[in-house]
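Enquirer: If it helps, the file is called protein_35.cif and holds mmCIF, N, CA and C atoms:
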data_final
#
loop_
_atom_site.label_atom_id
_atom_site.label_comp_id
_atom_site.auth_asym_id
_atom_site.auth_seq_id
_atom_site.Cartn_x
_atom_site.Cartn_y
_atom_site.Cartn_z
N MET M 1 0.84 -1.17 0.00
CA MET M 1 0.00 0.00 0.00
C MET M 1 0.88 1.23 0.00
N ARG M 2 0.48 2.22 -0.76
CA ARG M 2 1.32 3.39 -0.92
C ARG M 2 0.50 4.66 -0.85
N ILE M 3 1.19 5.72 -0.57
CA ILE M 3 0.58 7.04 -0.61
C ILE M 3 1.16 7.76 -1.81
N PHE M 4 0.31 8.33 -2.61
CA PHE M 4 0.75 9.07 -3.78
C PHE M 4 0.58 10.54 -3.48
N GLY M 5 1.62 11.32 -3.60
CA GLY M 5 1.55 12.71 -3.17
C GLY M 5 1.58 13.73 -4.27
N GLY M 6 1.15 13.45 -5.47
CA GLY M 6 1.21 14.48 -6.47
C GLY M 6 0.38 14.23 -7.71
N LEU M 7 -0.89 13.96 -7.55
CA LEU M 7 -1.75 13.78 -8.70
C LEU M 7 -2.33 15.14 -9.08
N PHE M 8 -1.97 15.62 -10.25
CA PHE M 8 -2.51 16.86 -10.77
C PHE M 8 -3.35 16.50 -11.98
N TRP M 9 -4.57 16.97 -12.04
CA TRP M 9 -5.47 16.58 -13.10
C TRP M 9 -6.01 17.83 -13.77
N LYS M 10 -5.76 17.99 -15.05
CA LYS M 10 -6.29 19.13 -15.80
C LYS M 10 -7.52 18.67 -16.57
N SER M 11 -8.50 19.55 -16.69
CA SER M 11 -9.76 19.16 -17.33
C SER M 11 -9.56 18.69 -18.76
N GLY M 12 -8.60 19.23 -19.50
CA GLY M 12 -8.37 18.82 -20.87
C GLY M 12 -7.76 17.44 -20.99
N ASP M 13 -7.10 16.95 -19.93
CA ASP M 13 -6.43 15.66 -19.94
C ASP M 13 -7.39 14.49 -19.74
N ARG M 14 -8.56 14.77 -19.25
CA ARG M 14 -9.42 13.71 -18.75
C ARG M 14 -10.50 13.33 -19.75
N GLU M 15 -10.45 12.13 -20.25
CA GLU M 15 -11.56 11.61 -21.03
C GLU M 15 -12.39 10.70 -20.14
N LYS M 16 -11.82 9.65 -19.63
CA LYS M 16 -12.48 8.75 -18.69
C LYS M 16 -11.45 8.36 -17.66
N PHE M 17 -11.74 8.65 -16.40
CA PHE M 17 -10.79 8.35 -15.34
C PHE M 17 -10.76 6.86 -15.08
N ASN M 18 -9.56 6.30 -14.99
CA ASN M 18 -9.37 4.89 -14.72
C ASN M 18 -8.34 4.77 -13.60
N PRO M 19 -8.73 4.26 -12.41
CA PRO M 19 -7.78 4.15 -11.30
C PRO M 19 -6.53 3.34 -11.65
N ALA M 20 -6.62 2.41 -12.58
CA ALA M 20 -5.47 1.59 -12.95
C ALA M 20 -4.37 2.42 -13.61
N ASN M 21 -4.72 3.61 -14.12
CA ASN M 21 -3.74 4.47 -14.79
C ASN M 21 -2.95 5.34 -13.82
N ILE M 22 -3.25 5.29 -12.55
CA ILE M 22 -2.53 6.10 -11.57
C ILE M 22 -1.11 5.57 -11.41
N ARG M 23 -0.16 6.46 -11.48
CA ARG M 23 1.24 6.10 -11.29
C ARG M 23 1.80 6.93 -10.14
N ILE M 24 2.73 6.34 -9.40
CA ILE M 24 3.35 7.02 -8.27
C ILE M 24 4.65 7.65 -8.73
N ALA M 25 4.69 8.97 -8.77
CA ALA M 25 5.90 9.67 -9.18
C ALA M 25 6.91 9.66 -8.04
N SER M 26 6.45 10.00 -6.85
CA SER M 26 7.33 9.99 -5.68
C SER M 26 6.51 9.64 -4.45
N PRO M 27 6.65 8.41 -3.94
CA PRO M 27 5.88 7.99 -2.77
C PRO M 27 6.17 8.87 -1.56
N CYS M 28 5.15 9.12 -0.80
CA CYS M 28 5.27 9.94 0.40
C CYS M 28 5.73 9.05 1.56
N PRO M 29 6.68 9.49 2.36
CA PRO M 29 7.16 8.65 3.45
C PRO M 29 6.28 8.70 4.70
N SER M 30 5.24 9.54 4.72
CA SER M 30 4.38 9.67 5.90
C SER M 30 3.67 8.36 6.20
N ASP M 31 3.44 8.09 7.48
CA ASP M 31 2.80 6.86 7.92
C ASP M 31 1.29 7.06 8.02
N TRP M 32 0.54 6.28 7.27
CA TRP M 32 -0.93 6.35 7.25
C TRP M 32 -1.49 6.15 8.65
N GLU M 33 -0.93 5.24 9.41
CA GLU M 33 -1.42 4.92 10.75
C GLU M 33 -1.27 6.09 11.72
N GLN M 34 -0.35 6.99 11.47
CA GLN M 34 -0.12 8.14 12.35
C GLN M 34 -1.03 9.32 12.00
N MET M 35 -1.72 9.26 10.87
CA MET M 35 -2.60 10.35 10.45
C MET M 35 -3.95 10.26 11.14
N VAL M 36 -4.58 11.41 11.33
CA VAL M 36 -5.88 11.50 12.00
C VAL M 36 -6.98 11.42 10.95
N GLY M 37 -7.99 10.57 11.19
CA GLY M 37 -9.12 10.45 10.29
C GLY M 37 -9.69 9.05 10.32
N ASP M 38 -10.43 8.71 9.27
CA ASP M 38 -11.02 7.38 9.18
C ASP M 38 -10.37 6.59 8.04
N GLU M 39 -11.00 5.48 7.64
CA GLU M 39 -10.41 4.63 6.61
C GLU M 39 -10.49 5.23 5.21
N ARG M 40 -11.36 6.21 5.00
CA ARG M 40 -11.51 6.83 3.68
C ARG M 40 -10.61 8.04 3.48
N VAL M 41 -10.47 8.86 4.52
CA VAL M 41 -9.67 10.08 4.39
C VAL M 41 -9.02 10.40 5.73
N ARG M 42 -7.76 10.75 5.66
CA ARG M 42 -7.01 11.16 6.85
C ARG M 42 -6.24 12.42 6.53
N HIS M 43 -5.91 13.17 7.58
CA HIS M 43 -5.19 14.42 7.39
C HIS M 43 -3.71 14.23 7.74
N CYS M 44 -2.84 14.63 6.81
CA CYS M 44 -1.40 14.54 7.01
C CYS M 44 -0.92 15.86 7.61
N SER M 45 -0.37 15.81 8.80
CA SER M 45 0.10 17.03 9.46
C SER M 45 1.41 17.53 8.87
N GLU M 46 2.16 16.64 8.19
CA GLU M 46 3.44 17.05 7.60
C GLU M 46 3.24 17.97 6.39
N CYS M 47 2.32 17.60 5.50
CA CYS M 47 2.10 18.42 4.30
C CYS M 47 0.80 19.22 4.37
N ASP M 48 0.03 19.05 5.46
CA ASP M 48 -1.22 19.76 5.70
C ASP M 48 -2.23 19.53 4.56
N LEU M 49 -2.34 18.28 4.11
CA LEU M 49 -3.29 17.90 3.07
C LEU M 49 -4.07 16.67 3.53
N ASN M 50 -5.26 16.49 2.94
CA ASN M 50 -6.01 15.27 3.17
C ASN M 50 -5.47 14.18 2.25
N VAL M 51 -5.40 12.97 2.76
CA VAL M 51 -4.95 11.81 1.99
C VAL M 51 -6.15 10.88 1.88
N TYR M 52 -6.55 10.57 0.64
CA TYR M 52 -7.74 9.75 0.38
C TYR M 52 -7.34 8.32 0.09
N ASN M 53 -8.02 7.37 0.73
CA ASN M 53 -7.77 5.95 0.54
C ASN M 53 -8.68 5.42 -0.56
N LEU M 54 -8.15 5.22 -1.75
CA LEU M 54 -8.95 4.76 -2.88
C LEU M 54 -9.50 3.36 -2.66
N SER M 55 -8.80 2.54 -1.89
CA SER M 55 -9.23 1.17 -1.66
C SER M 55 -10.46 1.10 -0.78
N ALA M 56 -10.84 2.20 -0.15
CA ALA M 56 -12.05 2.25 0.67
C ALA M 56 -13.19 2.98 -0.04
N MET M 57 -12.99 3.31 -1.33
CA MET M 57 -14.00 4.04 -2.10
C MET M 57 -14.42 3.21 -3.31
N THR M 58 -15.62 3.49 -3.80
CA THR M 58 -16.07 2.85 -5.04
C THR M 58 -15.46 3.60 -6.22
N ALA M 59 -15.51 2.98 -7.38
CA ALA M 59 -14.95 3.61 -8.58
C ALA M 59 -15.65 4.94 -8.88
N ARG M 60 -16.94 5.01 -8.66
CA ARG M 60 -17.70 6.25 -8.90
C ARG M 60 -17.28 7.34 -7.91
N GLU M 61 -17.09 6.98 -6.64
CA GLU M 61 -16.64 7.96 -5.64
C GLU M 61 -15.26 8.50 -5.99
N ILE M 62 -14.39 7.64 -6.51
CA ILE M 62 -13.06 8.07 -6.91
C ILE M 62 -13.16 9.07 -8.06
N GLU M 63 -14.01 8.75 -9.04
CA GLU M 63 -14.19 9.64 -10.18
C GLU M 63 -14.73 11.00 -9.74
N GLN M 64 -15.68 11.01 -8.82
CA GLN M 64 -16.23 12.27 -8.30
C GLN M 64 -15.17 13.06 -7.55
N LEU M 65 -14.33 12.38 -6.79
CA LEU M 65 -13.26 13.04 -6.05
C LEU M 65 -12.28 13.71 -7.00
N VAL M 66 -11.87 12.99 -8.04
CA VAL M 66 -10.92 13.54 -9.01
C VAL M 66 -11.54 14.74 -9.73
N GLU M 67 -12.83 14.64 -10.09
CA GLU M 67 -13.51 15.76 -10.74
C GLU M 67 -13.55 16.98 -9.84
N ALA M 68 -13.86 16.77 -8.57
CA ALA M 68 -13.97 17.89 -7.62
C ALA M 68 -12.63 18.56 -7.35
N GLU M 69 -11.54 17.80 -7.46
CA GLU M 69 -10.21 18.32 -7.13
C GLU M 69 -9.40 18.69 -8.36
N GLN M 70 -10.03 18.87 -9.51
CA GLN M 70 -9.31 19.17 -10.75
C GLN M 70 -8.40 20.38 -10.58
N GLY M 71 -7.16 20.23 -11.03
CA GLY M 71 -6.20 21.33 -10.99
C GLY M 71 -5.51 21.52 -9.65
N ARG M 72 -5.90 20.75 -8.65
CA ARG M 72 -5.28 20.86 -7.32
C ARG M 72 -4.53 19.57 -7.00
N ARG M 73 -3.62 19.69 -6.07
CA ARG M 73 -2.84 18.52 -5.64
C ARG M 73 -3.75 17.57 -4.88
N LEU M 74 -3.65 16.30 -5.17
CA LEU M 74 -4.49 15.28 -4.56
C LEU M 74 -3.61 14.15 -4.06
N CYS M 75 -3.60 13.93 -2.75
CA CYS M 75 -2.80 12.84 -2.17
C CYS M 75 -3.69 11.62 -2.01
N LEU M 76 -3.16 10.48 -2.46
CA LEU M 76 -3.94 9.25 -2.47
C LEU M 76 -3.18 8.11 -1.83
N ARG M 77 -3.95 7.17 -1.32
CA ARG M 77 -3.41 5.91 -0.81
C ARG M 77 -4.22 4.82 -1.48
N PHE M 78 -3.56 3.79 -1.97
CA PHE M 78 -4.30 2.71 -2.61
C PHE M 78 -3.46 1.45 -2.61
N TYR M 79 -4.11 0.34 -2.92
CA TYR M 79 -3.43 -0.94 -3.02
C TYR M 79 -3.52 -1.39 -4.47
N ARG M 80 -2.37 -1.69 -5.06
CA ARG M 80 -2.32 -2.18 -6.44
C ARG M 80 -1.89 -3.64 -6.41
N ARG M 81 -2.71 -4.50 -7.02
CA ARG M 81 -2.37 -5.92 -7.10
C ARG M 81 -1.23 -6.12 -8.09
N ALA M 82 -0.67 -7.29 -8.12
CA ALA M 82 0.46 -7.61 -9.00
C ALA M 82 0.10 -7.45 -10.48
N ASP M 83 -1.17 -7.66 -10.82
CA ASP M 83 -1.58 -7.52 -12.22
C ASP M 83 -1.84 -6.07 -12.62
N GLY M 84 -1.65 -5.12 -11.69
CA GLY M 84 -1.81 -3.70 -11.99
C GLY M 84 -3.16 -3.13 -11.60
N THR M 85 -4.09 -3.98 -11.19
CA THR M 85 -5.42 -3.53 -10.80
C THR M 85 -5.37 -2.79 -9.47
N VAL M 86 -6.00 -1.62 -9.42
CA VAL M 86 -6.14 -0.88 -8.17
C VAL M 86 -7.42 -1.35 -7.50
N LEU M 87 -7.30 -1.87 -6.28
CA LEU M 87 -8.48 -2.36 -5.57
C LEU M 87 -9.32 -1.20 -5.08
N THR M 88 -10.63 -1.30 -5.28
CA THR M 88 -11.58 -0.32 -4.78
C THR M 88 -12.63 -1.04 -3.96
N ALA M 89 -13.49 -0.29 -3.29
CA ALA M 89 -14.50 -0.90 -2.42
C ALA M 89 -15.48 -1.76 -3.21
N ASN M 90 -15.71 -1.45 -4.48
CA ASN M 90 -16.65 -2.25 -5.28
C ASN M 90 -15.94 -3.09 -6.34
N CYS M 91 -14.71 -3.43 -6.08
CA CYS M 91 -13.93 -4.24 -7.01
C CYS M 91 -14.55 -5.65 -7.07
N PRO M 92 -14.85 -6.17 -8.28
CA PRO M 92 -15.45 -7.49 -8.38
C PRO M 92 -14.60 -8.58 -7.73
N TRP M 93 -13.28 -8.44 -7.81
CA TRP M 93 -12.39 -9.43 -7.21
C TRP M 93 -12.57 -9.46 -5.70
N SER M 94 -12.63 -8.28 -5.07
CA SER M 94 -12.78 -8.24 -3.61
C SER M 94 -14.16 -8.70 -3.19
N LEU M 95 -15.19 -8.45 -4.02
CA LEU M 95 -16.53 -8.93 -3.69
C LEU M 95 -16.58 -10.46 -3.76
N ARG M 96 -15.90 -11.03 -4.75
CA ARG M 96 -15.85 -12.49 -4.83
C ARG M 96 -15.13 -13.07 -3.62
N MET M 97 -14.05 -12.41 -3.20
CA MET M 97 -13.29 -12.87 -2.05
C MET M 97 -14.17 -12.82 -0.79
N LEU M 98 -14.94 -11.75 -0.64
CA LEU M 98 -15.84 -11.62 0.51
C LEU M 98 -16.90 -12.71 0.48
N ALA M 99 -17.45 -12.99 -0.69
CA ALA M 99 -18.47 -14.05 -0.81
C ALA M 99 -17.87 -15.40 -0.46
N ARG M 100 -16.63 -15.64 -0.88
CA ARG M 100 -15.96 -16.90 -0.55
C ARG M 100 -15.75 -17.05 0.95
N LYS M 101 -15.30 -15.97 1.60
CA LYS M 101 -15.08 -16.02 3.04
C LYS M 101 -16.39 -16.24 3.79
N THR M 102 -17.45 -15.57 3.35
CA THR M 102 -18.76 -15.72 3.98
C THR M 102 -19.26 -17.15 3.81
N SER M 103 -19.07 -17.72 2.64
CA SER M 103 -19.49 -19.09 2.38
C SER M 103 -18.73 -20.08 3.27
N ARG M 104 -17.44 -19.89 3.39
CA ARG M 104 -16.64 -20.77 4.25
C ARG M 104 -17.06 -20.66 5.70
N PHE M 105 -17.35 -19.45 6.15
CA PHE M 105 -17.79 -19.24 7.53
C PHE M 105 -19.12 -19.93 7.77
N ALA M 106 -20.05 -19.79 6.82
CA ALA M 106 -21.36 -20.43 6.95
C ALA M 106 -21.22 -21.95 6.98
N CYS M 107 -20.34 -22.49 6.15
CA CYS M 107 -20.10 -23.94 6.15
C CYS M 107 -19.53 -24.42 7.48
N ALA M 108 -18.63 -23.63 8.04
CA ALA M 108 -18.04 -24.01 9.34
C ALA M 108 -19.10 -24.01 10.43
N ILE M 109 -19.98 -23.03 10.43
CA ILE M 109 -21.06 -22.98 11.44
C ILE M 109 -22.01 -24.15 11.26
N LEU M 110 -22.39 -24.45 10.00
CA LEU M 110 -23.29 -25.57 9.73
C LEU M 110 -22.66 -26.89 10.16
N THR M 111 -21.38 -27.07 9.87
CA THR M 111 -20.68 -28.29 10.27
C THR M 111 -20.65 -28.43 11.79
N ALA M 112 -20.35 -27.34 12.48
CA ALA M 112 -20.32 -27.38 13.95
C ALA M 112 -21.70 -27.69 14.51
N PHE M 113 -22.74 -27.09 13.95
CA PHE M 113 -24.10 -27.32 14.41
C PHE M 113 -24.50 -28.78 14.21
N MET M 114 -24.17 -29.33 13.03
CA MET M 114 -24.51 -30.73 12.76
C MET M 114 -23.74 -31.67 13.67
N SER M 115 -22.48 -31.36 13.96
CA SER M 115 -21.69 -32.19 14.86
C SER M 115 -22.27 -32.22 16.26
N VAL M 116 -22.69 -31.06 16.74
CA VAL M 116 -23.28 -30.98 18.08
C VAL M 116 -24.61 -31.73 18.11
N THR M 117 -25.41 -31.59 17.05
CA THR M 117 -26.70 -32.26 16.98
C THR M 117 -26.53 -33.77 16.97
N ILE M 118 -25.59 -34.28 16.20
CA ILE M 118 -25.34 -35.72 16.13
C ILE M 118 -24.80 -36.24 17.46
N ALA M 119 -23.90 -35.48 18.09
CA ALA M 119 -23.35 -35.89 19.38
C ALA M 119 -24.42 -35.92 20.46
N ALA M 120 -25.37 -34.98 20.39
CA ALA M 120 -26.44 -34.92 21.38
C ALA M 120 -27.42 -36.07 21.20
N ALA M 121 -27.57 -36.54 19.98
CA ALA M 121 -28.51 -37.63 19.69
C ALA M 121 -27.93 -38.90 20.22
#
Would you kindly transcribe this structure into structure tokens?

Expert:
Amino acid sequence: MRIFGGLFWKSGDREKFNPANIRIASPCPSDWEQMVGDERVRHCSECDLNVYNLSAMTAREIEQLVEAEQGRRLCLRFYRRADGTVLTANCPWSLRMLARKTSRFACAILTAFMSVTIAAA
């Protein structure tokens, strides 16, 4: 996970925003855990800017954020998978992973319940 400290977006440059096209020119050394805020946005006291966590936002929220901050410096934090995909809150891959974990948890509970029922019988 990284913090990106210099995304400048000009209105003429933007056709369709794609989080996968974000590149880190110079990673910020500030520690996300030391910043004040929540999982979506925290304030960096070193540079006096808000740092937005793209991995906690949907693709539409990211697009709205970039539109609202056009022409200004935008500090971002995100997780990029090995294949180059930037994970977002509505990423199909992460939703599948959540469904898999939920399914495994439900199976474990059902197995435990059946074991207790059989033992009680």

Enquirer: As an exercise, work out the distance from atom N of M:Ser45 to atom C of M:Cys75 in Å and give it to one decimal place.

Expert: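 Between atom N of M:Ser45 and atom C of M:Cys75 the gap is 12.1 Å.
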
Enquirer: Rounded to one decimal in Å, what is the spacing between atom CA of M:Ala120 and atom N of M:Thr102?

Expert: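 Computing it gives 27.9 Å between the two atoms.
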
Enquirer: Quick one, how far is atom CA of M:Arg100 from atom CA of M:Arg81?

Expert: 18.7 Å

Enquirer: Using only C-alpha atoms, which residue out of M:Asp31, M:Ser26, M:Leu110, M:Ser103 lies closest to M:Glu46?

Expert: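 Of the candidates, the smallest distance to M:Glu46 is held by M:Asp31.
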
Enquirer: Could you list the residues chosen by the PyMOL selection byres (((chain M and resi 40 and name CA) around 10) and name CA) in this structure as a list of chain:residue names?

Expert: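 Selected by the PyMOL selection byres (((chain M and resi 40 and name CA) around 10) and name CA) here: M:Gly37, M:Asp38, M:Glu39, M:Val41, M:Arg42, M:Val51, M:Tyr52, M:Asn53, M:Leu54, M:Ser55, M:Ala56, M:Met57, M:Arg77.
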
Enquirer: Can you tell me, as JSON, the centre and edge lengths (Å, one decimal) of the axis-aligned box enclosing all of stretch 22-27 of chain M's listed atoms after padding each side by 6 Å?

Expert:
{"center_x": 2.0, "center_y": 7.6, "center_z": -7.1, "size_x": 22.6, "size_y": 16.7, "size_z": 23.0}

Enquirer: Determine which residues of stretch 33-102 of chain M receive a DSSP assignment of alpha helix (DSSP H), computed from the backbone, and state them as a count of residues only.

Expert: 21

Enquirer: From the set M:Leu49, M:Ala121, M:Met114, M:Ile22, which residue has the shortest atom-to-atom contact distance to M:Arg73, counting only N, CA and C atoms?

Expert: M:Leu49

Enquirer: Which residues are close to M:Ala20, i.e. within 6.5 Å by all atoms listed in the file, leaving aside same-chain residues fewer than 3 positions away? Reply as a VMD selection string.

Expert: chain M and resid 23 84 to 86

Enquirer: Output N, CA and C atoms for every residue in the selection just made, as a JSON list (two decimals), in the frame of the given file.

Expert:
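Resulting contents of again-v8.json:
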[["chain", "number", "residue", "atom", "x", "y", "z"],
["M", 23, "ARG", "N", -0.16, 6.46, -11.48],
["M", 23, "ARG", "CA", 1.24, 6.10, -11.29],
["M", 23, "ARG", "C", 1.80, 6.93, -10.14],
["M", 84, "GLY", "N", -1.65, -5.12, -11.69],
["M", 84, "GLY", "CA", -1.81, -3.70, -11.99],
["M", 84, "GLY", "C", -3.16, -3.13, -11.60],
["M", 85, "THR", "N", -4.09, -3.98, -11.19],
["M", 85, "THR", "CA", -5.42, -3.53, -10.80],
["M", 85, "THR", "C", -5.37, -2.79, -9.47],
["M", 86, "VAL", "N", -6.00, -1.62, -9.42],
["M", 86, "VAL", "CA", -6.14, -0.88, -8.17],
["M", 86, "VAL", "C", -7.42, -1.35, -7.50]]
